[in-house]
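With JSON, C-alpha atoms inside, this is structure21.json:
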```json
[["chain", "number", "residue", "atom", "x", "y", "z"],
["A", 10, "MET", "CA", 116.15, 122.08, -5.29],
["A", 11, "ALA", "CA", 113.38, 123.19, -2.98],
["A", 12, "LEU", "CA", 112.20, 120.54, -0.58],
["A", 13, "GLY", "CA", 108.92, 119.00, -1.64],
["A", 14, "THR", "CA", 109.44, 119.53, -5.36],
["A", 15, "VAL", "CA", 111.13, 117.50, -8.04],
["A", 16, "THR", "CA", 112.46, 118.78, -11.32],
["A", 17, "ALA", "CA", 114.57, 115.87, -12.54],
["A", 18, "PRO", "CA", 114.26, 112.10, -12.15],
["A", 19, "HIS", "CA", 117.57, 111.84, -10.29],
["A", 20, "GLU", "CA", 116.68, 114.33, -7.53],
["A", 21, "LEU", "CA", 115.83, 113.29, -4.02],
["A", 22, "ARG", "CA", 112.26, 113.67, -2.77],
["A", 23, "PHE", "CA", 110.97, 114.86, 0.56],
["A", 24, "ASP", "CA", 107.24, 115.23, -0.08],
["A", 25, "THR", "CA", 105.59, 112.15, 1.44],
["A", 26, "GLY", "CA", 104.84, 113.70, 4.82],
["A", 27, "ARG", "CA", 106.96, 111.32, 6.94],
["A", 28, "ILE", "CA", 110.68, 110.64, 6.98],
["A", 29, "CYS", "CA", 110.14, 106.86, 6.89],
["A", 30, "LEU", "CA", 108.01, 107.27, 3.74],
["A", 31, "ASP", "CA", 110.63, 109.59, 2.24],
["A", 32, "LEU", "CA", 113.12, 106.74, 2.69],
["A", 33, "LEU", "CA", 110.73, 104.39, 0.83],
["A", 34, "ALA", "CA", 110.58, 106.92, -2.02],
["A", 35, "THR", "CA", 114.31, 106.50, -2.65],
["A", 36, "THR", "CA", 113.62, 103.47, -4.85],
["A", 37, "HIS", "CA", 111.67, 105.37, -7.50],
["A", 38, "PRO", "CA", 112.18, 105.78, -10.41],
["A", 39, "GLU", "CA", 115.52, 104.09, -9.73],
["A", 40, "GLU", "CA", 117.80, 103.33, -6.80],
["A", 41, "ARG", "CA", 118.78, 106.65, -5.22],
["A", 42, "LEU", "CA", 120.90, 105.50, -2.29],
["A", 43, "GLY", "CA", 123.73, 103.98, -4.26],
["A", 44, "SER", "CA", 126.54, 106.06, -2.79],
["A", 45, "VAL", "CA", 127.65, 107.65, 0.46],
["A", 46, "ASP", "CA", 127.47, 111.13, -1.10],
["A", 47, "VAL", "CA", 123.85, 110.75, -2.20],
["A", 48, "LEU", "CA", 122.90, 109.18, 1.14],
["A", 49, "SER", "CA", 124.54, 112.08, 2.97],
["A", 50, "ALA", "CA", 122.54, 114.53, 0.85],
["A", 51, "TRP", "CA", 119.37, 112.58, 1.66],
["A", 52, "ILE", "CA", 120.14, 112.57, 5.40],
["A", 53, "THR", "CA", 120.58, 116.34, 5.38],
["A", 54, "GLY", "CA", 117.67, 117.04, 3.02],
["A", 55, "SER", "CA", 115.30, 114.89, 5.07],
["A", 56, "GLY", "CA", 116.04, 116.92, 8.19],
["A", 57, "LEU", "CA", 117.59, 114.03, 10.09],
["A", 58, "VAL", "CA", 120.51, 116.35, 10.76],
["A", 59, "PRO", "CA", 120.71, 120.14, 10.65],
["A", 60, "ALA", "CA", 122.24, 121.66, 7.52],
["A", 61, "GLY", "CA", 126.00, 121.84, 7.82],
["A", 62, "THR", "CA", 126.31, 118.75, 10.03],
["A", 63, "PRO", "CA", 129.45, 116.92, 8.92],
["A", 64, "LEU", "CA", 128.88, 113.37, 7.75],
["A", 65, "THR", "CA", 132.44, 112.70, 6.63],
["A", 66, "HIS", "CA", 132.57, 109.64, 8.90],
["A", 67, "ALA", "CA", 129.93, 107.88, 6.78],
["A", 68, "ASP", "CA", 131.42, 104.89, 4.99],
["A", 69, "SER", "CA", 130.39, 102.43, 2.30],
["A", 70, "ALA", "CA", 128.39, 100.34, 4.80],
["A", 71, "TRP", "CA", 125.92, 103.18, 5.39],
["A", 72, "PRO", "CA", 123.93, 102.96, 2.11],
["A", 73, "ALA", "CA", 123.45, 99.20, 2.57],
["A", 74, "ALA", "CA", 122.15, 99.71, 6.12],
["A", 75, "PHE", "CA", 119.67, 102.37, 4.99],
["A", 76, "ARG", "CA", 118.53, 100.17, 2.09],
["A", 77, "GLU", "CA", 118.04, 97.27, 4.52],
["A", 78, "LEU", "CA", 115.83, 99.39, 6.77],
["A", 79, "ARG", "CA", 113.96, 100.61, 3.68],
["A", 80, "GLY", "CA", 113.22, 96.99, 2.69],
["A", 81, "HIS", "CA", 111.78, 96.23, 6.12],
["A", 82, "LEU", "CA", 109.70, 99.41, 6.06],
["A", 83, "ALA", "CA", 108.31, 98.48, 2.63],
["A", 84, "ARG", "CA", 107.08, 95.14, 3.99],
["A", 85, "LEU", "CA", 105.37, 96.87, 6.91],
["A", 86, "VAL", "CA", 103.83, 99.76, 4.97],
["A", 87, "HIS", "CA", 102.71, 97.75, 1.94],
["A", 88, "GLY", "CA", 101.92, 94.52, 3.77],
["A", 89, "ARG", "CA", 99.15, 93.72, 6.17],
["A", 90, "PRO", "CA", 99.77, 92.00, 9.51],
["A", 91, "ALA", "CA", 99.06, 88.35, 9.03],
["A", 92, "PRO", "CA", 99.50, 85.83, 11.81],
["A", 93, "GLY", "CA", 102.46, 83.65, 11.03],
["A", 94, "SER", "CA", 103.76, 85.75, 8.13],
["A", 95, "ALA", "CA", 107.47, 85.23, 8.58],
["A", 96, "ALA", "CA", 108.54, 88.12, 6.32],
["A", 97, "TYR", "CA", 106.23, 90.60, 8.05],
["A", 98, "ASP", "CA", 107.22, 89.40, 11.53],
["A", 99, "LEU", "CA", 110.92, 89.59, 10.67],
["A", 100, "ALA", "CA", 110.54, 93.11, 9.26],
["A", 101, "LEU", "CA", 108.64, 94.23, 12.36],
["A", 102, "ALA", "CA", 111.22, 92.71, 14.71],
["A", 103, "ARG", "CA", 114.09, 94.35, 12.80],
["A", 104, "VAL", "CA", 112.44, 97.80, 12.76],
["A", 105, "ASN", "CA", 111.78, 97.52, 16.49],
["A", 106, "GLU", "CA", 115.39, 96.49, 17.07],
["A", 107, "ILE", "CA", 116.72, 99.42, 15.02],
["A", 108, "ALA", "CA", 114.36, 101.85, 16.84],
["A", 109, "HIS", "CA", 115.88, 100.78, 20.16],
["A", 110, "ALA", "CA", 119.06, 102.81, 19.63],
["A", 111, "ALA", "CA", 119.08, 106.43, 20.80],
["A", 112, "PRO", "CA", 118.41, 108.88, 17.94],
["A", 113, "PRO", "CA", 120.62, 111.96, 17.53],
["A", 114, "ALA", "CA", 120.11, 114.42, 20.38],
["A", 115, "PRO", "CA", 119.51, 117.96, 19.15],
["A", 116, "ARG", "CA", 120.48, 121.11, 21.03],
["A", 117, "ALA", "CA", 119.29, 124.68, 20.62],
["A", 118, "VAL", "CA", 122.25, 127.06, 20.27],
["A", 119, "PRO", "CA", 122.52, 130.71, 19.28],
["A", 120, "GLY", "CA", 123.16, 131.12, 15.56],
["A", 121, "ASP", "CA", 125.24, 133.83, 13.90],
["A", 122, "ASP", "CA", 122.38, 136.33, 14.17],
["A", 123, "GLY", "CA", 121.49, 135.37, 17.74],
["A", 124, "THR", "CA", 118.36, 133.34, 16.94],
["A", 125, "LEU", "CA", 118.26, 129.78, 18.19],
["A", 126, "VAL", "CA", 119.20, 127.08, 15.71],
["A", 127, "ARG", "CA", 119.27, 123.30, 15.96],
["A", 128, "ARG", "CA", 122.67, 121.60, 16.21],
["A", 129, "LEU", "CA", 123.91, 118.17, 17.23],
["A", 130, "GLU", "CA", 126.48, 117.62, 19.97],
["A", 131, "ALA", "CA", 128.61, 115.57, 17.59],
["A", 132, "PRO", "CA", 128.22, 114.07, 14.13],
["A", 133, "PRO", "CA", 125.65, 111.27, 14.50],
["A", 134, "GLY", "CA", 126.44, 107.62, 14.01],
["A", 135, "ARG", "CA", 124.66, 105.37, 11.56],
["A", 136, "ALA", "CA", 122.68, 103.55, 14.28],
["A", 137, "ALA", "CA", 121.35, 106.85, 15.67],
["A", 138, "LEU", "CA", 120.15, 108.02, 12.25],
["A", 139, "LEU", "CA", 118.54, 104.68, 11.46],
["A", 140, "ALA", "CA", 116.85, 104.75, 14.89],
["A", 141, "ALA", "CA", 115.26, 108.12, 14.12],
["A", 142, "ILE", "CA", 113.73, 106.71, 10.93],
["A", 143, "ALA", "CA", 112.65, 103.46, 12.61],
["A", 144, "ARG", "CA", 111.00, 105.42, 15.45],
["A", 145, "ASP", "CA", 109.13, 107.51, 12.90],
["A", 146, "ALA", "CA", 107.90, 104.27, 11.31],
["A", 147, "VAL", "CA", 106.81, 102.89, 14.70],
["A", 148, "ASP", "CA", 104.89, 106.12, 15.35],
["A", 149, "LEU", "CA", 103.25, 105.94, 11.92],
["A", 150, "LEU", "CA", 102.37, 102.24, 12.07],
["A", 151, "THR", "CA", 100.88, 102.45, 15.58],
["A", 152, "ASP", "CA", 98.80, 105.59, 14.96],
["A", 153, "PRO", "CA", 95.42, 104.56, 13.48],
["A", 154, "LEU", "CA", 94.67, 108.12, 12.31],
["A", 155, "ALA", "CA", 97.98, 108.41, 10.48],
["A", 156, "ARG", "CA", 97.63, 104.94, 8.94],
["A", 157, "ALA", "CA", 94.19, 105.92, 7.67],
["A", 158, "CYS", "CA", 95.84, 108.82, 5.80],
["A", 159, "LEU", "CA", 98.32, 106.60, 3.93],
["A", 160, "ARG", "CA", 97.76, 106.69, 0.18],
["A", 161, "GLN", "CA", 99.37, 105.05, -2.83],
["A", 162, "CYS", "CA", 100.09, 107.52, -5.64],
["A", 163, "GLU", "CA", 97.62, 107.22, -8.53],
["A", 164, "GLY", "CA", 100.33, 108.06, -11.07],
["A", 165, "ASP", "CA", 101.15, 105.47, -13.71],
["A", 166, "ASN", "CA", 103.65, 102.95, -12.31],
["A", 167, "CYS", "CA", 104.36, 105.11, -9.24],
["A", 168, "PRO", "CA", 104.84, 103.04, -6.09],
["A", 169, "ILE", "CA", 105.23, 105.99, -3.72],
["A", 170, "VAL", "CA", 103.15, 105.99, -0.55],
["A", 171, "TYR", "CA", 102.45, 109.32, 1.12],
["A", 172, "LEU", "CA", 100.53, 110.75, 4.05],
["A", 173, "ASP", "CA", 97.44, 112.57, 2.77],
["A", 174, "THR", "CA", 96.86, 115.53, 5.08],
["A", 175, "SER", "CA", 95.01, 117.59, 2.47],
["A", 176, "ARG", "CA", 91.64, 119.11, 3.21],
["A", 177, "GLY", "CA", 89.00, 116.49, 2.46],
["A", 178, "ARG", "CA", 91.72, 113.86, 1.92],
["A", 179, "ARG", "CA", 91.58, 114.38, -1.86],
["A", 180, "ARG", "CA", 95.26, 114.27, -2.73],
["A", 181, "ARG", "CA", 95.75, 111.84, -5.62],
["A", 182, "TRP", "CA", 99.47, 111.98, -6.38],
["A", 183, "CYS", "CA", 102.70, 111.79, -4.49],
["A", 184, "SER", "CA", 103.60, 115.11, -6.11],
["A", 185, "SER", "CA", 101.46, 117.46, -8.13],
["A", 186, "GLU", "CA", 104.63, 118.64, -9.90],
["A", 187, "VAL", "CA", 105.65, 115.12, -10.95],
["A", 188, "CYS", "CA", 102.85, 112.57, -11.21],
["A", 189, "GLY", "CA", 100.09, 115.17, -11.25],
["A", 190, "ASN", "CA", 101.75, 117.01, -14.11],
["A", 191, "ARG", "CA", 102.23, 113.75, -16.04],
["A", 192, "GLU", "CA", 98.51, 113.01, -15.65],
["A", 193, "ARG", "CA", 97.54, 116.50, -16.85],
["A", 194, "VAL", "CA", 99.82, 116.17, -19.90],
["A", 195, "ALA", "CA", 98.41, 112.72, -20.71],
["A", 196, "ARG", "CA", 94.85, 114.04, -20.36],
["A", 197, "HIS", "CA", 95.66, 116.94, -22.70],
["A", 198, "ARG", "CA", 97.14, 114.54, -25.27],
["A", 199, "ARG", "CA", 94.07, 112.30, -25.10],
["A", 200, "ARG", "CA", 91.78, 115.30, -25.70],
["A", 201, "ALA", "CA", 93.95, 116.56, -28.56],
["A", 202, "ALA", "CA", 93.99, 113.12, -30.15],
["A", 203, "ALA", "CA", 90.20, 112.84, -29.82],
["A", 204, "LEU", "CA", 89.77, 116.21, -31.52],
["A", 205, "THR", "CA", 91.97, 115.22, -34.46],
["A", 206, "ARG", "CA", 89.94, 112.04, -35.00],
["A", 207, "THR", "CA", 86.64, 113.95, -35.26]]
```
What do you get writing this file as structure tokens?
Amino acid sequence: MALGTVTAPHELRFDTGRICLDLLATTHPEERLGSVDVLSAWITGSGLVPAGTPLTHADSAWPAAFRELRGHLARLVHGRPAPGSAAYDLALARVNEIAHAAPPAPRAVPGDDGTLVRRLEAPPGRAALLAAIARDAVDLLTDPLARACLRQCEGDNCPIVYLDTSRGRRRRWCSSEVCGNRERVARHRRRAAALTRT
């Protein structure tokens, strides 16, 4: 699968524009982080680690930790700061706490063909990977320009939030290939049905 496209409902998505929003997208259309193998594929596909980074040390506690962070991120992205809102304040405190850990430290090393490639010193721990996502969320939530570009997909029953960086800020769907295509098919069916009635 090419990054940024989706061809089947079970595939992972990386088309929201931010890694923290890509993590939020793992709930739609169903839970996508139910196993260590799928989580490992998401970690690599999202770019948290370079391709080929071993994640064999990941255990059954990892998916639950990523889902927990995802829940906190959902409260912050979908909610609005309200004084005294215990759920929002708890989510914010937890994201800040997770962001405190050091994220994986990349190195530039010569690849097989001599060009520089990104590698990690050692396979990253769970806390380091979660910190990278939490830091991305902190950056997003504290940047007024980025927050102004957050959009909810206009597709039917699609909860995905994405960063609209399109010219003129006219992007309507999380993915033109998924929700956009569904809308075009539905529009075509409505026109065809209207023609048969006349």
Selection: 7 Å around range 177-183 of chain A, all atoms listed in the file, excl. self and same-chain fewer than 3 positions, as a PDB file with C-alpha atoms, in the coordinates of the input:
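As a result, around22.pdb now contains:
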```pdb
ATOM      1  CA  THR A  25     105.590 112.150   1.440  1.00  0.00           C
ATOM      2  CA  CYS A 162     100.090 107.520  -5.640  1.00  0.00           C
ATOM      3  CA  GLU A 163      97.620 107.220  -8.530  1.00  0.00           C
ATOM      4  CA  GLY A 164     100.330 108.060 -11.070  1.00  0.00           C
ATOM      5  CA  ILE A 169     105.230 105.990  -3.720  1.00  0.00           C
ATOM      6  CA  TYR A 171     102.450 109.320   1.120  1.00  0.00           C
ATOM      7  CA  ASP A 173      97.440 112.570   2.770  1.00  0.00           C
ATOM      8  CA  THR A 174      96.860 115.530   5.080  1.00  0.00           C
ATOM      9  CA  CYS A 188     102.850 112.570 -11.210  1.00  0.00           C
ATOM     10  CA  GLY A 189     100.090 115.170 -11.250  1.00  0.00           C
TER      11      GLY A 189
END
```
Cut-off 10 Å: closest range 21-64 of chain A/range 86-107 of chain A atom pairs per residue, using all atoms listed in the file, as JSON lines:
```
{"residue": "A:Cys29", "atom": "CA", "partner": "A:Val86", "partner_atom": "CA", "distance": 9.7}
{"residue": "A:Leu30", "atom": "CA", "partner": "A:Val86", "partner_atom": "CA", "distance": 8.7}
{"residue": "A:Leu33", "atom": "CA", "partner": "A:Val86", "partner_atom": "CA", "distance": 9.3}
```
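CA of His37 in chain A to CA of Ala70 in chain A spans 21.4 Å [interatomic distance, one decimal].
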If we count all atoms listed in the file and set the cut-off at 10 Å, which residues sit around range 132-137 of chain A, ignoring sequence neighbours fewer than 2 positions away in its own chain? Please answer as an MDAnalysis selection string. chainID A and resid 57:58 62:68 70:72 74:75 107:114 128:130 139:143
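The space separating CA of Gly80 in chain A from CA of Thr35 in chain A comes to 11.0 Å.
Nearest-residue note for Asp24 in chain A: choosing from A:Ser69, A:Gln161, A:Ser184, A:Thr36, the minimum distance belongs to A:Ser184, counting only C-alpha atoms.
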Can you tell me how far CA of Leu82 in chain A sits from CA of Leu32 in chain A, in Å to one decimal?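 Taking CA of Leu82 in chain A and CA of Leu32 in chain A, their separation equals 8.8 Å.
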Would you pick out the contacts of Ala50 in chain A at 10 Å or less, using all atoms listed in the file, so that residues sharing its chain but fewer than 4 positions from it are not included, and give the list as number ranges by chain? A: 21, 42, 45-46, 54-55, 60, 64
Taking into account only C-alpha atoms, which residue in the set A:Arg200, A:Leu48, A:Ala83, A:Thr205 is nearest to Val170 in chain A? A:Ala83
Restricting the calculation to only C-alpha atoms, which member of A:Arg116, A:Arg27, A:Arg22, A:Leu138 is positioned closest to Cys158 in chain A?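 Closest residue, counting only C-alpha atoms: A:Arg27.
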Which one of A:Ser175, A:Asn190, A:Thr151, A:Asn166 sits closest to Pro38 in chain A if you count all atoms listed in the file?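 Closest candidate: A:Asn166.
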